[in-house]
Structure formats: structure tokens, C-alpha cells
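For reference, the structure discussed in these notes is given below.
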Amino acid sequence: MKFIGVSRLALLGACITTVIVANAVLPLVAHRQLSSHLGSVDAYQAFVQSVTLVAPPFFFISRILLRGISSRTVCIVGLVGIAIFNFLLFGSQLGWHPVLLRFGLGVLFGMTAPIGQSLLAEAEMRQVERVRQYTLMLNIVALGLAIIPFFGVSILWASGGDPNLLFLALAIASLCIGISCFFWISPQSRVQPIDLRCFSLPKISLITACGDMLVIVFSRTVYAFVLVWLSQLILNLERLQLLSGYFVFSRVVFGFVAIPTLRRLSPNLSWNVVFLLPVLALSVSLLAGDQKILPILLVLVALGAIPEAFTPGQLVSQWSTASGRQFGTIVSMALMMLSLSCGPWLWDAVFNMSQSNLFHLWQLKPSPSISLMIFLLPFCCFPIWPLWKGFMIPPLKA
């Protein structure tokens with residue numbers, strides 16, 4: 001990967017992060033199948049959230065419980081444990097306490113996931129170079145997470161819609177990376193405790209960090225929403241595979257050109273392109289349904305990957321110390337995980353709103369596309385737009 005300037009630490013962090021986060025992403029492409037298998041949509045939500053809501057607190061708790069322990073040991077134990085839980089889910093055919101097993105998986109997820117990106121956070125380098133390496137690392141993660149949903153739909157298609165094989169694939173991948181960590185991670189690397197000074201940032205850095213966090217939540221929520229919506233809309237698995245490919249691979253391409261693109265566009269124009277246009281395209285997609293124009297609309301929705309590609313790196317770079325950057329990494333990952341829960345929640349909220357009277361006086365029942373804009377457009381316009389224009393884009397142009 002040297003020809004594109006990716007450091008060894010960035011590549012290593014990408015591999016570990018991709019395999020672990022796949023445990024949260026892959027069930028999103030099987031929303032319909034898992035809801036049927038588990039008995040209800042509520043059971044599916046509990047199944048998904050037992051990882052996406054349980055893991056984030058352990059991102060922080062692990063810094064206390066595991067401080068001073070070898071990062072290599074944490075990664076090996078965590079990934080092998082995740083593999084065991086997935087083997088149990090597969091072996092029991094989701095029939096033996098699936099939510100409890102996912103809860104245990106979520107704990108190990110939270111303990112292990114920050115390690116990959118923390119390896120890069122420990123390294124000393126210039127802020128501009130750190131943002132670039134984080135962006136490249138997250139683009140590689142995006143490439144992996146683009147392949148994973150595509151691969152997941154392929155498994156569903158090959159198995160006739162049986163979601164159990166998804167967990168076998170997750171188990172094998174986790175086990176392989178866990179064994180590889182023995183050779184990849186230096187035994188000198190240690191889990192760093194959280195320094196209380198991490199919570200203190202200069203005013204401008206704090207405002208920039210807040211903007212980065214809001215953008216991460218927005219972009220990742222839209223990503224999860226689209227995966228869930230497509231799994232509900234498209235019953236033909238071959239068609240679902242094709243449309244998912246349009247969306248996720250477009251995100252990868254846009255992610256790799258994120259920083260050069262934003263440097264060339266004015267803040268106002270870039271906001272229109274990466275926030276307003278994707279929201280409008282997604283709203284039109286909900287209105288159009290499975291029509292010939294849908295692949296084009298999904299490519300436009302994928303423009304939302306551009307801000308998501310650089311904001312985690314910019315967020316982490318607001319801290320000047322290694323422990324501070326590790327804290328920023330944990331915050332970034334926690335927001336991404338929580339947002340994966342927001343996607344299915346937003347899908348339910350949008351379609352529930354379209355089935356009920358929004359204003360009892362006028363007896364209005366907004367369409368799903370209007371409901372989506374009611375949720376997302378105010379978030380885009382305020383507070384993201386002023387922070388984007390005044391604090392987040394200027395450092396990229398420096």
C-alpha cells in the first residue's frame with residue numbers, strides 16, 4: 001500500500017477495525033431475514049442494539065480495566081472471543097439466547113475495537129499527516145465495509161435467505177485476524193489510561209471537535225438507514241446485491257477523493273454537495289422506490305461519505321498528546337457505533353410518522369420522503385452548516 005502513502009500502522013488499524021465493526025454492520029443487510037428468524041422487529045432491534053449500544057461504554061471502561069496490558073494480548077483475546085460467540089450463534093441457529101450471546105460479543109467488541117486505531121494515535125507525526133493517515137485508514141475500512149455488506153447479501157442469496165451463515169463468516173474472519181495480531185502488533189505497545197487532561201481542549205479545537213462529532217453521527221446514521229431500507233425494499237436478493245454495490249462502492253470512491261475535493265470547493269458549495277444533495281437524493285429515493293433511477297440516486301446519497309472520510313481524523317488531531325488522541329479515537333468509534341443504532345431507529349421513525357397524523361388539526365400524513373427531510377434537514381442546517389463553514393473546512397485548506 002506504499003504507492004498510495006498508507007503507513008503500516010494505518011493498514012494494521014484498518015484490518016482490525018474492519019473485522020470488528022463488521023459484527024455490527026453485517027446484521028443490517030439482513031433486517032428482514034433476521035426479524036423473521038427472531039420473531040419480530042423488536043427482537044431484531046434488541047439483537048442489533050445488544051452490540052451497538054453495549055460496546056461504546058466499554059470503549060472507555062477498557063482504558064481503565066486494561067491499562068498497561070499489552071495491546072497484542074487484548075486484540076488476540078478479544079477477537080478469538082468474538083469468534084467463539086459467533087460460532088455459538090451459528091451453531092445454535094440463533095435459537096439459544098441470541099441477545100445474551102450478542103451482549104457478550106458487544107462487551108468484547110468494546111474492549112477490543114479501539115486498539116486498531118489507537119496504534120496510529122500513539123505515533124508521533126504532524127497534525128496534517130495524522131489527518132491524512134487517519135483518512136486513508138478509514139477509507140480502507142470503508143472499502144472493507146463496502147465488500148462486507150456485498151458479501152453478506154451474497155451469502156443470503158446462496159443460502160436462500162438463511163442469515164445463520166453470516167455469523168459463521170464473522171467467526172472465521174475474527175479468528176483469522178486474531179491469530180494474525182500475534183505477528184502484527186508489537187509486544188511493547190500498551191493500552192494507555194485516559195488522562196483527565198483529555199477532557200480539556202482550546203476553544204477553537206473544542207468547537208471543531210463538536211462539529212466533527214455531529215458530522216460523524218449524521219453520516220453514519222444515513223449509511224445505516226440506507227442499508228436497512230434497501231433490505232426491506234428489495235425482496236430479490238440479486239437485485240439487493242446490485243443496489244448495495246452501487247451504494248457502498250460509491251462511498252469508497254468518494255471517500256478516497258474527499259480531502260482533494262473539499263480543498264477545491266468553497267465551504268458553501270461543499271456543504272450543498274455533501275449534505276443537502278444526499279438528503280434530497282435519499283428523500284427522492286424513498287418516493288421513487290425500486291425504479292430505474294434508484295442506482296443513480298444511491299450514488300448521489302453516497303456523496304455523504306465525503307465528510308465521514310476526514311472528520312474522524314480531524315477529531316483525533318485536536319488533541320496534542322498520545323493519550324489525548326487515544327481518547328479522541330474512542331470518542332470517534334463510540335459515535336460511529338451509536339449511529340449504527342440510529343439508522344434502524346430512523347427507519348422505524350420515518351415510516352411510523354408516515355402512517356400517523358403529524359398534525360391532528362390538519363390530519364396530515366407526510367410521505368416517508370417528507371418525514372425523512374423533517375428529521376435530517378434541520379440537523380444539516382443547524383448546527384452543522386455554521387461549524388462546517390467556520391471551523392472544519394478552513395484547516396483542510398491551510
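Following the order of the C-alpha cells, first chain is A, next is B, and so on, with residues numbered from 1 inside each chain and ligands from 1 in the order they appear.
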
Give me the residues within 8 Å of Ile216 in chain A as a ChimeraX atom specification, counting only C-alpha atoms and dropping any in the same chain fewer than 4 places off. /A:212,220,307-308,311-312,332,335-336

A:Ile16, A:Met337, A:Val301, A:Ile147: which is nearest Val54 in chain A, counting only C-alpha atoms? A:Met337

DSSP on the backbone: what in range 184-361 of chain A comes out alpha helix (DSSP H), as a VMD selection string? chain A and resid 184 203 to 233 237 to 256 258 to 264 267 to 271 277 to 288 294 to 301 305 to 316 322 to 353

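Atom pair CA of Gly304 in chain A / CA of Trp388 in chain A has a distance of 13.7 Å (rounded to one decimal).
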
Can you list, as a list in words, every protein, DNA or RNA residue that comes within 9 Å of Leu243 in chain A when you count only C-alpha atoms, leaving out same-chain residues fewer than 6 positions away? Leu230, Ile234, Leu294, Pro295 and Leu298 of chain A

Name the closest residue to Ala55 in chain A among the candidates A:Thr261, A:Ser71, A:Gln188, A:Met333; distances are taken between atoms, counting only C-alpha atoms. A:Met333

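Of the residues under consideration (A:Met213, A:Ala146, A:Leu396, A:Leu233), A:Met213 shows the shortest atom-to-atom contact distance to Ser339 in chain A when counting only C-alpha atoms.
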
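Residues lying within 12 Å of Leu235 in chain A, counting only C-alpha atoms and ignoring same-chain neighbours fewer than 5 positions away, are Val29, Ala30, His31, Arg32, Gln33, Val153, Leu156, Trp157, Gly160, Gly161, Trp229, Leu230, Leu240, Gln241, Leu243 and Asp290 of chain A.
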
Please write the residues from the selection above to a file, keeping N, CA and C atoms, as a compact mmCIF listing (two decimals), in the first residue's frame.
```
# COMPACT_ATOMS: atom_id res chain seq x y z
N VAL A 29 -27.79 -5.76 6.83
CA VAL A 29 -28.22 -6.15 5.49
C VAL A 29 -29.23 -7.29 5.53
N ALA A 30 -29.46 -7.86 6.72
CA ALA A 30 -30.40 -8.98 6.85
C ALA A 30 -31.55 -8.59 7.78
N HIS A 31 -31.96 -7.33 7.72
CA HIS A 31 -33.04 -6.84 8.59
C HIS A 31 -34.29 -7.69 8.45
N ARG A 32 -34.73 -7.93 7.24
CA ARG A 32 -35.97 -8.69 7.01
C ARG A 32 -35.81 -10.14 7.45
N GLN A 33 -34.67 -10.77 7.08
CA GLN A 33 -34.47 -12.18 7.39
C GLN A 33 -34.31 -12.41 8.89
N VAL A 153 -24.89 -10.06 1.47
CA VAL A 153 -26.04 -10.30 0.59
C VAL A 153 -25.79 -11.53 -0.27
N LEU A 156 -26.60 -14.52 1.80
CA LEU A 156 -28.06 -14.68 1.88
C LEU A 156 -28.62 -15.27 0.60
N TRP A 157 -28.11 -14.79 -0.52
CA TRP A 157 -28.59 -15.28 -1.82
C TRP A 157 -28.24 -16.76 -1.99
N GLY A 160 -30.33 -19.08 0.29
CA GLY A 160 -31.78 -18.97 0.18
C GLY A 160 -32.40 -18.09 1.25
N GLY A 161 -31.65 -17.12 1.74
CA GLY A 161 -32.17 -16.19 2.75
C GLY A 161 -31.92 -16.61 4.18
N TRP A 229 -33.08 0.17 4.89
CA TRP A 229 -34.16 0.47 3.95
C TRP A 229 -34.08 -0.42 2.72
N LEU A 230 -32.89 -0.60 2.16
CA LEU A 230 -32.74 -1.45 0.98
C LEU A 230 -33.11 -2.89 1.28
N LEU A 240 -30.87 -6.79 -4.69
CA LEU A 240 -30.36 -6.16 -3.48
C LEU A 240 -28.84 -6.10 -3.50
N GLN A 241 -28.22 -7.18 -3.96
CA GLN A 241 -26.76 -7.21 -4.07
C GLN A 241 -26.25 -6.13 -5.00
N LEU A 243 -27.81 -3.25 -5.97
CA LEU A 243 -28.05 -1.89 -5.46
C LEU A 243 -27.14 -1.57 -4.27
N ASP A 290 -38.20 1.21 -5.94
CA ASP A 290 -37.31 0.42 -6.79
C ASP A 290 -37.58 0.71 -8.26
```

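Take the candidates A:Leu376, A:Val99, A:Val350, A:Leu145 and check each one against Leu286 in chain A using only C-alpha atoms; the shortest distance goes to A:Val350.
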
Nearest to Ile76 in chain A by atom-to-atom distance, counting only C-alpha atoms, from A:Cys210, A:Met373, A:Ile177, A:Met392: A:Ile177

Nearest residue to Phe391 in chain A from the set A:Leu237, A:Ala10, A:Leu89, A:Ala209 (distances using only C-alpha atoms): A:Ala209
